[in-house]
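Colleague: This one is work27.txt, compact mmCIF, C-alpha atoms.
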```
# COMPACT_ATOMS: atom_id res chain seq x y z
CA MET A 1 -184.45 -103.45 -7.27
CA ASN A 2 -186.97 -101.75 -4.93
CA ARG A 3 -184.98 -99.34 -2.82
CA PRO A 4 -186.32 -98.45 0.63
CA GLY A 5 -186.82 -94.91 1.83
CA TYR A 6 -188.86 -93.26 -0.93
CA ARG A 7 -192.07 -93.44 1.08
CA LEU A 8 -190.25 -92.00 4.11
CA ARG A 9 -188.95 -89.22 1.90
CA ALA A 10 -192.43 -88.43 0.58
CA VAL A 11 -193.82 -88.16 4.13
CA ALA A 12 -190.87 -86.04 5.32
CA ALA A 13 -191.22 -83.72 2.30
CA ARG A 14 -194.70 -82.69 3.54
CA TRP A 15 -193.40 -81.42 6.85
CA CYS A 16 -189.76 -80.50 6.43
CA SER A 17 -188.18 -77.45 4.85
CA GLU A 18 -186.04 -77.72 1.73
CA ARG A 19 -182.94 -77.21 3.86
CA THR A 20 -183.86 -80.04 6.23
CA MET A 21 -184.56 -82.30 3.26
CA GLU A 22 -181.20 -81.48 1.70
CA ARG A 23 -179.11 -81.71 4.88
CA LEU A 24 -180.84 -84.36 6.97
CA VAL A 25 -183.46 -86.42 5.15
CA ASP A 26 -181.76 -87.09 1.79
CA PRO A 27 -178.32 -88.03 3.20
CA ALA A 28 -179.91 -90.45 5.69
CA ILE A 29 -182.05 -92.10 3.01
CA ALA A 30 -179.23 -92.19 0.46
CA ASP A 31 -176.95 -94.02 2.91
CA LEU A 32 -179.74 -96.44 3.80
CA GLN A 33 -180.41 -97.17 0.12
CA THR A 34 -176.73 -97.74 -0.70
CA GLU A 35 -176.17 -100.06 2.25
CA TYR A 36 -179.37 -101.98 1.46
CA ALA A 37 -178.44 -102.31 -2.21
CA GLU A 38 -174.94 -103.61 -1.36
CA ALA A 39 -176.36 -106.26 0.99
CA ALA A 40 -179.05 -107.28 -1.53
CA ARG A 41 -176.49 -107.54 -4.37
CA ALA A 42 -174.28 -109.77 -2.19
CA GLY A 43 -177.28 -112.03 -1.61
CA ARG A 44 -177.38 -111.33 2.15
CA VAL A 45 -181.16 -111.33 2.61
CA TRP A 46 -181.24 -111.16 6.43
CA ARG A 47 -178.57 -108.49 6.47
CA SER A 48 -180.60 -106.39 4.02
CA ARG A 49 -183.73 -106.83 6.20
CA TRP A 50 -181.80 -105.78 9.28
CA ILE A 51 -180.51 -102.71 7.41
CA TRP A 52 -184.10 -101.86 6.41
CA ILE A 53 -185.27 -102.00 10.05
CA ALA A 54 -182.23 -100.25 11.51
CA GLY A 55 -182.32 -97.59 8.79
CA HIS A 56 -186.00 -96.77 9.42
CA ALA A 57 -185.47 -96.69 13.19
CA ALA A 58 -182.44 -94.41 12.76
CA PHE A 59 -184.46 -92.13 10.47
CA ALA A 60 -187.26 -91.82 13.04
CA LYS A 61 -184.70 -91.06 15.75
CA ALA A 62 -183.03 -88.44 13.57
CA MET A 63 -186.36 -86.70 12.90
CA ALA A 64 -187.26 -86.76 16.61
CA TRP A 65 -183.89 -85.27 17.58
CA HIS A 66 -184.12 -82.66 14.87
CA GLY A 67 -187.62 -81.68 16.04
CA ALA A 68 -186.45 -81.41 19.64
CA GLU A 69 -183.44 -79.28 18.61
CA ARG A 70 -185.64 -76.96 16.56
CA ALA A 71 -188.05 -76.57 19.51
CA ALA A 72 -185.17 -75.81 21.90
CA GLY A 73 -183.70 -73.40 19.34
CA SER A 74 -186.95 -71.50 18.99
CA LEU A 75 -187.04 -71.11 22.79
CA ARG A 76 -183.42 -69.93 22.79
CA ASP A 77 -184.21 -67.33 20.14
CA LEU A 78 -186.96 -65.75 22.24
CA PRO A 79 -186.28 -62.44 24.02
CA VAL A 80 -185.20 -62.85 27.66
CA GLU A 81 -188.45 -61.44 29.10
CA ASP A 82 -190.52 -63.86 26.98
CA ARG A 83 -188.42 -66.82 28.04
CA ARG A 84 -188.81 -65.85 31.71
CA ALA A 85 -192.57 -65.40 31.28
CA LEU A 86 -192.89 -68.80 29.59
CA LEU A 87 -190.88 -70.57 32.29
CA ARG A 88 -192.92 -68.81 34.95
CA THR A 89 -196.14 -69.90 33.20
CA ILE A 90 -195.00 -73.52 33.10
CA ALA A 91 -193.77 -73.47 36.71
CA ILE A 92 -196.99 -71.93 38.06
CA GLY A 93 -199.11 -74.23 35.90
CA VAL A 94 -197.33 -77.34 37.19
CA ALA A 95 -197.47 -76.09 40.81
CA MET A 96 -201.22 -75.39 40.60
CA MET A 97 -201.81 -78.74 38.93
CA VAL A 98 -199.98 -80.54 41.74
CA ALA A 99 -201.76 -78.47 44.42
CA ALA A 100 -205.19 -79.15 42.89
CA THR A 101 -204.42 -82.88 42.58
CA VAL A 102 -203.26 -83.12 46.20
CA LEU A 103 -206.27 -81.15 47.44
CA LEU A 104 -208.83 -83.19 45.52
CA ALA A 105 -207.10 -86.53 46.28
CA ALA A 106 -206.93 -85.68 50.01
CA LEU A 107 -210.65 -84.91 50.27
CA PRO A 108 -211.65 -88.59 50.71
CA PHE A 109 -209.32 -88.80 53.74
CA VAL A 110 -211.24 -85.95 55.36
CA SER A 111 -214.42 -88.03 55.32
CA ILE A 112 -214.51 -90.27 58.37
CA ARG A 113 -217.71 -92.01 57.45
CA SER A 114 -217.18 -94.41 54.60
CA GLY A 115 -214.30 -96.76 53.82
CA THR A 116 -211.31 -97.70 55.89
CA PHE A 117 -208.19 -95.57 55.89
CA SER A 118 -206.05 -98.33 54.40
CA GLN A 119 -208.49 -98.73 51.48
CA ARG A 120 -208.32 -95.01 50.76
CA VAL A 121 -204.53 -95.03 50.79
CA TRP A 122 -204.48 -97.89 48.36
CA SER A 123 -206.82 -96.14 45.95
CA THR A 124 -204.72 -92.92 45.94
CA PRO A 125 -202.62 -93.65 42.79
CA ASN A 126 -205.82 -94.49 40.90
CA THR A 127 -207.52 -91.36 42.26
CA VAL A 128 -204.59 -89.18 41.20
CA LEU A 129 -204.75 -90.58 37.65
CA GLN A 130 -208.49 -89.90 37.51
CA LEU A 131 -208.02 -86.33 38.74
CA LEU A 132 -205.32 -85.41 36.22
CA PRO A 133 -207.69 -84.56 33.31
CA THR A 134 -209.33 -81.96 35.61
CA THR A 135 -206.22 -80.61 37.29
CA ILE A 136 -204.46 -80.21 33.92
CA TRP A 137 -206.84 -77.49 32.75
CA VAL A 138 -206.83 -75.88 36.20
CA GLY A 139 -203.04 -75.65 35.91
CA VAL A 140 -203.32 -74.21 32.39
CA ILE A 141 -205.66 -71.40 33.52
CA PHE A 142 -203.60 -70.38 36.55
CA GLY A 143 -200.30 -70.81 34.73
CA ILE A 144 -201.31 -68.51 31.88
CA LEU A 145 -203.08 -65.83 33.92
CA TRP A 146 -200.48 -65.67 36.69
CA GLY A 147 -197.43 -66.41 34.58
CA LEU A 148 -198.19 -63.81 31.93
CA GLU A 149 -199.55 -61.29 34.44
CA SER A 150 -198.69 -57.73 33.36
CA VAL A 151 -196.23 -58.97 30.73
CA SER A 152 -196.74 -58.33 27.06
CA VAL A 153 -195.18 -61.33 25.34
CA SER A 154 -194.55 -61.73 21.63
CA ARG A 155 -196.97 -63.46 19.29
CA HIS A 156 -194.48 -66.32 18.86
CA SER A 157 -194.45 -66.90 22.63
CA ARG A 158 -198.24 -66.90 22.77
CA ARG A 159 -198.27 -69.45 19.98
CA LEU A 160 -195.90 -71.65 22.00
CA VAL A 161 -198.20 -71.44 25.03
CA LEU A 162 -201.13 -72.42 22.86
CA LEU A 163 -199.13 -75.32 21.44
CA LEU A 164 -198.43 -76.46 24.98
CA ALA A 165 -202.14 -76.26 25.81
CA LEU A 166 -202.85 -78.37 22.71
CA ALA A 167 -200.27 -80.96 23.83
CA LEU A 168 -201.92 -81.08 27.26
CA SER A 169 -205.28 -81.66 25.59
CA VAL A 170 -203.78 -84.64 23.77
CA VAL A 171 -202.39 -85.94 27.09
CA SER A 172 -205.81 -85.50 28.69
CA PHE A 173 -207.45 -87.37 25.80
CA THR A 174 -205.01 -90.27 26.13
CA LEU A 175 -205.56 -90.40 29.89
CA MET A 176 -209.35 -90.38 29.66
CA GLY A 177 -209.53 -92.60 26.61
CA TRP A 178 -207.25 -95.42 27.65
CA LEU A 179 -205.07 -95.02 30.73
CA VAL A 180 -207.70 -94.18 33.34
CA PRO A 181 -210.08 -96.98 32.20
CA ALA A 182 -207.21 -99.49 32.32
CA ALA A 183 -206.23 -98.28 35.80
CA ASN A 184 -209.88 -98.42 36.96
CA HIS A 185 -210.24 -101.98 35.77
CA ALA A 186 -206.93 -103.03 37.33
CA PHE A 187 -208.03 -101.43 40.61
CA ARG A 188 -211.41 -103.19 40.45
CA VAL A 189 -209.71 -106.56 39.87
CA SER A 190 -207.13 -106.02 42.63
CA MET A 191 -209.77 -104.91 45.16
CA ALA A 192 -211.96 -107.89 44.24
CA THR A 193 -209.01 -110.24 44.68
CA LYS A 194 -208.25 -108.68 48.07
CA LEU A 195 -211.86 -109.10 49.19
CA GLY A 196 -212.10 -112.63 47.71
CA VAL A 197 -214.83 -111.65 45.24
CA GLU A 198 -215.07 -113.08 41.71
CA VAL A 199 -214.93 -110.36 39.05
CA LYS A 200 -214.84 -112.49 35.84
CA GLY A 201 -213.94 -109.62 33.52
CA LEU A 202 -216.86 -107.50 34.74
CA ARG A 203 -216.58 -103.91 33.55
CA SER A 204 -218.43 -100.67 34.15
CA ALA A 205 -218.51 -97.60 31.88
CA SER A 206 -215.48 -96.19 33.70
CA ASP A 207 -213.47 -99.35 32.94
CA LEU A 208 -214.17 -99.25 29.22
CA THR A 209 -211.69 -97.63 26.85
CA LEU A 210 -212.84 -95.14 24.24
CA GLY A 211 -212.61 -97.84 21.58
CA ASP A 212 -214.74 -100.25 23.64
CA LEU A 213 -217.39 -97.58 24.23
CA GLY A 214 -217.46 -96.61 20.56
CA ARG A 215 -217.98 -100.24 19.53
CA LEU A 216 -220.78 -100.74 22.06
CA LEU A 217 -222.58 -97.61 20.89
CA GLU A 218 -222.41 -98.55 17.22
CA PRO A 219 -225.69 -99.91 15.89
CA GLY A 220 -225.70 -103.63 15.08
CA THR A 221 -224.72 -106.79 16.91
CA HIS A 222 -221.60 -106.89 19.00
CA GLU A 223 -219.55 -109.41 20.86
CA PRO A 224 -221.19 -109.56 24.29
CA MET A 225 -219.30 -107.77 27.01
CA LEU A 226 -219.83 -108.36 30.72
CA LEU A 227 -221.03 -105.02 32.01
CA ALA A 228 -221.47 -104.35 35.70
CA PRO A 229 -225.02 -103.27 36.63
CA PRO A 230 -226.47 -100.74 36.67
CA HIS A 231 -225.59 -99.71 33.15
CA ASP A 232 -227.61 -98.42 30.26
CA VAL A 233 -227.02 -96.88 26.89
CA ARG A 234 -227.27 -93.34 28.32
CA SER A 235 -224.48 -93.90 30.87
CA LEU A 236 -222.28 -95.36 28.14
CA GLU A 237 -223.08 -92.42 25.85
CA ARG A 238 -222.37 -89.91 28.62
CA SER A 239 -219.03 -91.57 29.35
CA TYR A 240 -218.11 -91.69 25.66
CA TYR A 241 -218.96 -88.11 24.66
CA THR A 242 -217.68 -86.61 27.93
CA ARG A 243 -214.19 -87.95 27.26
CA TRP A 244 -214.08 -86.22 23.86
CA ALA A 245 -215.37 -82.88 25.12
CA TYR A 246 -213.55 -82.78 28.45
CA SER A 247 -210.14 -83.46 26.89
CA CYS A 248 -210.52 -80.26 24.80
CA ALA A 249 -210.79 -78.19 28.00
CA PRO A 250 -207.03 -77.37 28.29
CA LEU A 251 -206.96 -76.01 24.72
CA VAL A 252 -210.22 -74.05 24.89
CA LEU A 253 -209.56 -72.62 28.35
CA GLY A 254 -205.92 -71.94 27.45
CA LEU A 255 -207.03 -69.95 24.41
CA PHE A 256 -209.47 -67.88 26.46
CA ALA A 257 -206.96 -67.32 29.29
CA LEU A 258 -204.32 -66.17 26.79
CA THR A 259 -206.69 -63.58 25.32
CA LEU A 260 -207.74 -62.44 28.78
CA SER A 261 -204.14 -62.04 29.94
CA ASN A 262 -203.46 -59.90 26.87
CA ARG A 263 -206.57 -57.74 26.81
CA SER A 264 -208.39 -57.77 30.12
CA ARG A 265 -207.57 -55.15 32.75
CA TRP A 266 -209.09 -57.38 35.44
CA ALA A 267 -206.90 -60.34 34.45
CA ARG A 268 -203.82 -58.17 34.78
CA ARG A 269 -204.78 -56.64 38.11
CA ALA A 270 -206.22 -59.71 39.84
CA PRO A 271 -205.11 -62.82 37.93
CA GLY A 272 -205.75 -65.19 40.85
CA PHE A 273 -209.32 -63.96 41.24
CA VAL A 274 -210.02 -64.19 37.50
CA ALA A 275 -208.46 -67.66 37.29
CA SER A 276 -210.53 -68.92 40.23
CA ALA A 277 -213.69 -67.44 38.70
CA LEU A 278 -212.88 -69.15 35.39
CA VAL A 279 -212.36 -72.52 37.10
CA LEU A 280 -215.58 -72.26 39.10
CA GLY A 281 -217.50 -70.97 36.07
CA TYR A 282 -216.36 -73.90 33.94
CA VAL A 283 -217.25 -76.42 36.65
CA ALA A 284 -220.71 -74.81 37.03
CA LEU A 285 -221.23 -74.95 33.25
CA TRP A 286 -220.21 -78.58 33.25
CA TYR A 287 -222.71 -79.52 35.95
CA ALA A 288 -225.45 -77.53 34.24
CA ALA A 289 -224.76 -79.32 30.96
CA GLN A 290 -224.83 -82.73 32.65
CA ALA A 291 -228.16 -81.81 34.30
CA MET A 292 -229.62 -80.79 30.92
CA ALA A 293 -228.50 -84.11 29.45
CA PHE A 294 -229.92 -86.04 32.41
CA ASP A 295 -233.29 -84.30 32.00
CA ARG A 296 -233.14 -85.09 28.26
CA ARG A 297 -233.61 -81.40 27.47
CA VAL A 298 -230.52 -81.61 25.26
CA PRO A 299 -229.00 -84.71 23.61
CA ILE A 300 -225.93 -85.96 25.50
CA ALA A 301 -223.66 -85.62 22.46
CA ALA A 302 -224.48 -81.88 22.32
CA ALA A 303 -224.74 -81.21 26.06
CA VAL A 304 -221.15 -82.20 26.84
CA TRP A 305 -219.87 -79.59 24.36
CA ILE A 306 -221.85 -76.70 25.94
CA PRO A 307 -219.11 -75.61 28.40
CA ASN A 308 -216.46 -75.48 25.66
CA ALA A 309 -218.86 -73.68 23.31
CA VAL A 310 -219.64 -71.03 25.95
CA VAL A 311 -215.93 -70.44 26.58
CA LEU A 312 -215.29 -70.13 22.83
CA VAL A 313 -218.13 -67.59 22.49
CA LEU A 314 -216.64 -65.57 25.36
CA TRP A 315 -213.25 -65.78 23.65
CA LEU A 316 -214.70 -64.50 20.37
CA MET A 317 -216.36 -61.61 22.23
CA GLN A 318 -213.00 -60.69 23.79
CA VAL A 319 -211.28 -60.84 20.41
CA ARG A 320 -213.94 -58.66 18.73
CA ARG A 321 -213.83 -56.17 21.58
CA GLY A 322 -210.07 -55.90 21.21
CA THR A 323 -210.30 -55.55 17.42
CA GLY A 324 -213.03 -52.90 17.77
CA ALA A 325 -210.93 -50.91 20.23
CA ARG A 326 -207.92 -51.03 17.86
CA LEU A 327 -210.02 -49.83 14.91
CA GLN A 328 -211.48 -46.98 16.99
CA ALA A 329 -208.01 -45.90 18.09
CA ARG A 330 -207.03 -45.50 14.41
CA MET B 331 -186.22 -54.01 23.11
CA ALA B 332 -184.04 -56.90 24.37
CA VAL B 333 -180.47 -56.99 23.04
CA ARG B 334 -179.69 -60.23 21.23
CA HIS B 335 -176.10 -61.39 21.46
CA PRO B 336 -174.54 -63.50 18.71
CA ARG B 337 -174.33 -67.12 19.75
CA PRO B 338 -170.72 -68.05 20.70
CA LEU B 339 -168.93 -70.74 18.64
CA THR B 340 -169.19 -74.04 20.48
CA LEU B 341 -167.99 -77.55 19.84
CA SER B 342 -169.80 -80.46 21.44
CA PRO B 343 -167.98 -83.77 22.06
CA LYS B 344 -169.71 -85.39 19.06
CA GLU B 345 -168.81 -82.45 16.80
CA LEU B 346 -165.21 -82.67 18.02
CA LEU B 347 -165.12 -86.37 17.16
CA VAL B 348 -166.57 -85.74 13.68
CA LEU B 349 -163.94 -83.06 12.99
CA GLU B 350 -161.14 -85.33 14.21
CA LEU B 351 -162.28 -88.11 11.88
CA LEU B 352 -162.69 -85.79 8.89
CA VAL B 353 -159.43 -83.92 9.40
CA ARG B 354 -157.49 -87.19 9.01
CA GLY B 355 -157.45 -86.30 5.37
CA ARG B 356 -160.39 -87.64 3.48
CA GLN B 357 -164.05 -87.00 2.73
CA LEU B 358 -166.48 -89.42 4.35
CA TYR B 359 -170.14 -90.40 4.09
CA GLY B 360 -172.33 -90.30 7.19
CA LEU B 361 -172.30 -94.08 7.66
CA GLN B 362 -168.54 -94.20 7.16
CA LEU B 363 -168.21 -91.76 10.07
CA VAL B 364 -170.37 -94.07 12.20
CA ALA B 365 -168.23 -97.09 11.27
CA THR B 366 -164.92 -95.24 11.78
CA SER B 367 -166.02 -93.87 15.17
CA LYS B 368 -166.27 -97.46 16.52
CA GLY B 369 -169.73 -96.90 18.00
CA ARG B 370 -169.14 -93.47 19.48
CA LEU B 371 -171.36 -91.93 16.80
CA LYS B 372 -174.83 -93.41 16.37
CA ARG B 373 -176.63 -93.99 13.12
CA GLY B 374 -179.74 -92.09 14.20
CA THR B 375 -178.04 -88.94 15.43
CA VAL B 376 -175.03 -88.60 13.12
CA TYR B 377 -177.08 -86.81 10.44
CA VAL B 378 -178.47 -84.33 12.99
CA THR B 379 -174.92 -83.62 14.17
CA LEU B 380 -173.66 -83.21 10.61
CA SER B 381 -176.55 -80.91 9.70
CA ARG B 382 -175.88 -78.76 12.76
CA MET B 383 -172.15 -78.59 11.96
CA GLU B 384 -172.94 -77.50 8.41
CA GLU B 385 -175.13 -74.71 9.77
CA LYS B 386 -172.33 -73.60 12.05
CA GLY B 387 -169.91 -73.66 9.11
CA TYR B 388 -167.56 -76.32 10.47
CA ILE B 389 -168.07 -78.76 7.62
CA VAL B 390 -169.35 -78.69 4.08
CA SER B 391 -171.09 -81.43 2.14
CA THR B 392 -171.12 -82.19 -1.56
CA PRO B 393 -173.32 -84.65 -3.42
CA ASP B 394 -171.42 -87.67 -4.65
CA ASP B 395 -172.18 -88.99 -8.12
CA PRO B 396 -173.42 -92.55 -7.79
CA PRO B 397 -171.74 -95.24 -9.91
CA PRO B 398 -173.44 -95.73 -13.30
CA GLY B 399 -176.52 -97.95 -13.07
CA ALA B 400 -176.54 -97.78 -9.25
CA GLY B 401 -179.77 -95.77 -8.83
CA GLY B 402 -181.07 -94.32 -5.57
CA LEU B 403 -180.54 -90.88 -4.06
CA PRO B 404 -177.04 -89.37 -4.35
CA ARG B 405 -175.02 -89.67 -1.14
CA ARG B 406 -173.34 -86.71 0.51
CA LEU B 407 -169.63 -86.50 1.24
CA TYR B 408 -168.50 -84.40 4.19
CA GLU B 409 -165.25 -82.54 4.69
CA PRO B 410 -164.10 -79.92 7.19
CA THR B 411 -163.98 -76.22 6.31
CA ALA B 412 -161.14 -73.90 7.24
CA LEU B 413 -163.23 -72.72 10.22
CA GLY B 414 -163.76 -76.31 11.28
CA ARG B 415 -160.03 -77.05 11.17
CA ARG B 416 -159.29 -73.88 13.18
CA MET B 417 -161.93 -74.80 15.76
CA LEU B 418 -160.43 -78.27 16.14
CA ARG B 419 -156.92 -76.84 16.53
CA ALA B 420 -158.11 -74.24 19.05
CA TRP B 421 -160.06 -76.83 21.07
CA THR B 422 -157.32 -79.46 21.20
CA GLY B 423 -154.68 -76.77 21.87
CA ALA B 424 -156.69 -75.37 24.78
CA ALA B 425 -157.25 -78.88 26.17
CA LYS B 426 -153.50 -79.59 26.02
CA ARG B 427 -152.69 -76.34 27.85
CA LEU B 428 -155.37 -76.79 30.52
CA MET B 429 -154.84 -80.47 31.14
CA PRO B 430 -151.40 -81.53 29.78
CA GLU B 431 -151.57 -84.79 31.72
CA PHE B 432 -154.57 -85.89 29.58
CA ALA B 433 -153.26 -84.62 26.24
CA PRO B 434 -152.92 -87.38 23.58
```
Hey, can you dump this file as structure tokens for me?
Modeller:
Amino acid sequence: MNRPGYRLRAVAARWCSERTMERLVDPAIADLQTEYAEAARAGRVWRSRWIWIAGHAAFAKAMAWHGAERAAGSLRDLPVEDRRALLRTIAIGVAMMVAATVLLAALPFVSIRSGTFSQRVWSTPNTVLQLLPTTIWVGVIFGILWGLESVSVSRHSRRLVLLLALALSVVSFTLMGWLVPAANHAFRVSMATKLGVEVKGLRSASDLTLGDLGRLLEPGTHEPMLLAPPHDVRSLERSYYTRWAYSCAPLVLGLFALTLSNRSRWARRAPGFVASALVLGYVALWYAAQAMAFDRRVPIAAAVWIPNAVVLVLWLMQVRRGTGARLQAR
Amino acid sequence: MAVRHPRPLTLSPKELLVLELLVRGRQLYGLQLVATSKGRLKRGTVYVTLSRMEEKGYIVSTPDDPPPGAGGLPRRLYEPTALGRRMLRAWTGAAKRLMPEFAP
């Protein structure tokens, strides 16, 4: 008889410690196998299938709970000052993210020229969703520089902050890749319906998911897609590669901000000023890169990575400066 | 350097239920605890609870030899430790003293 659970066990063995395997994974799988075998021996096919499904779902839940408990435990084990610094970092990061979103979303209301007020109000949820990939990395920079201002946190805490920045990059990627395009298209359809205009599945680059864009850019014939004019291959390429590069911003900027907060005197004395300079600098780099791509001086696929590359070079310079200073001190 | 205090011994409602079921005299498998609890323990979280209780020292588990020709991974049987029994007695005793009107 083919017993279920061995594949699950093999996957779990790659990630889990021996203790977790012994105390959590093996008992769960052993019980699943016994129950499944009893149902199969009794000839209860549907019962055995139900046990297979329920057992796998229970296993996934157990692993998720265990992961969450381990994460909470590692926070609990941190020194009090580190825990306070981390909570402050998260609180300031979220506050700055909200403030930046509100500020940028409110800007269209300030303009009294184009669009009616009611149209602007209706587009606000869509606008907020579009702004999140930008305001996330703004929050990361301010959160780290202000939250860890003049506090020397442990390496473990810094790793946790970096992990959080990585998670936010993944969130940003999901937003830009799928959620924002879906929201854009839904907004386009709803506005068209309101104005009595036929849309017929018409899409622009901003309505296309990452998968759609990738398929369109692949060489060869494709299923025709109704694209709203004006569109060309370059705008599709820019949209596609930008989403990849821009979603790495929280991680790259978080890494640089962490190093600055640890090593830079300026970051410790004037974190707000340094954070603002970093935000403006990144935006300027971004515009410069887009201009270079527009002028065809640099291929689009490379141009969109220039801001992140510059930040990483600056990070490396900070790290080497710190290492050099430590070696000299010895 | 920050002073780290030892974590105090705690007993969550689920851990209390597990100890009550185990102290009734016999060793049980994880799924038997779920069945005996009449839905109060869930299949997905019972193993996490049992693993946590083993770390705290409230219960101990031993691998059970499967019947000959059965195959599969060996199941684990759980039973309370002396610390687990004392924790249960202390918890239920304190509950009776604090709230005698709700004592079983």
Colleague: Measuring between only C-alpha atoms, which one of B:Asp395, B:Glu384, B:Glu409, B:Glu345 shows the shortest distance to chain A?
Modeller: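 Counting only C-alpha atoms, the residue closest to chain A is B:Glu384.
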Colleague: Would you give me, as a PyMOL selection string, the residues of chain B that come within 10 Å of chain A, using all atoms listed in the file?
Modeller: chain B and resi 331-334+337+359-362+372-382+384-385+391+393+396+400-407
Colleague: So how many Å separate CA of Gly143 (chain A) and CA of Val94 (chain A), to one decimal?
Modeller: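 It comes out at 7.6 Å.
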Colleague: Neighbouring residues of region 307-318 of chain A were defined as those with any atom within 8 Å, considering all atoms listed in the file; residues of the same chain fewer than 3 positions away were excluded. Please report them as a list in words.
Modeller: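 After dropping sequence-adjacent residues, the list is Ala245, Cys248, Ala249, Val252, Leu253, Leu255, Phe256, Thr259, Leu260, Arg263, Tyr282, Leu285, Trp286, Ala289, Val304, Arg321 and Gly322 of chain A.
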Colleague: Rank nothing, just name the residue among B:Leu418, B:Tyr408, B:Gly387, B:Ala424 nearest to Leu347 (chain B), using all atoms listed in the file.
Modeller: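 Of B:Leu418, B:Tyr408, B:Gly387, B:Ala424, the one nearest Leu347 (chain B) is B:Leu418, counting all atoms listed in the file.
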Colleague: Just give me the gap between CA of Leu258 (chain A) and CA of Trp146 (chain A) in Å, one decimal is fine.
Modeller: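 One can read the CA of Leu258 (chain A) to CA of Trp146 (chain A) distance as 10.6 Å.
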Colleague: Name all residues at most 8 Å from Ala39 (chain A) (count all atoms listed in the file; drop same-chain ones fewer than 6 positions away) and give them as number ranges by chain.
Modeller: A: 45, 47-48
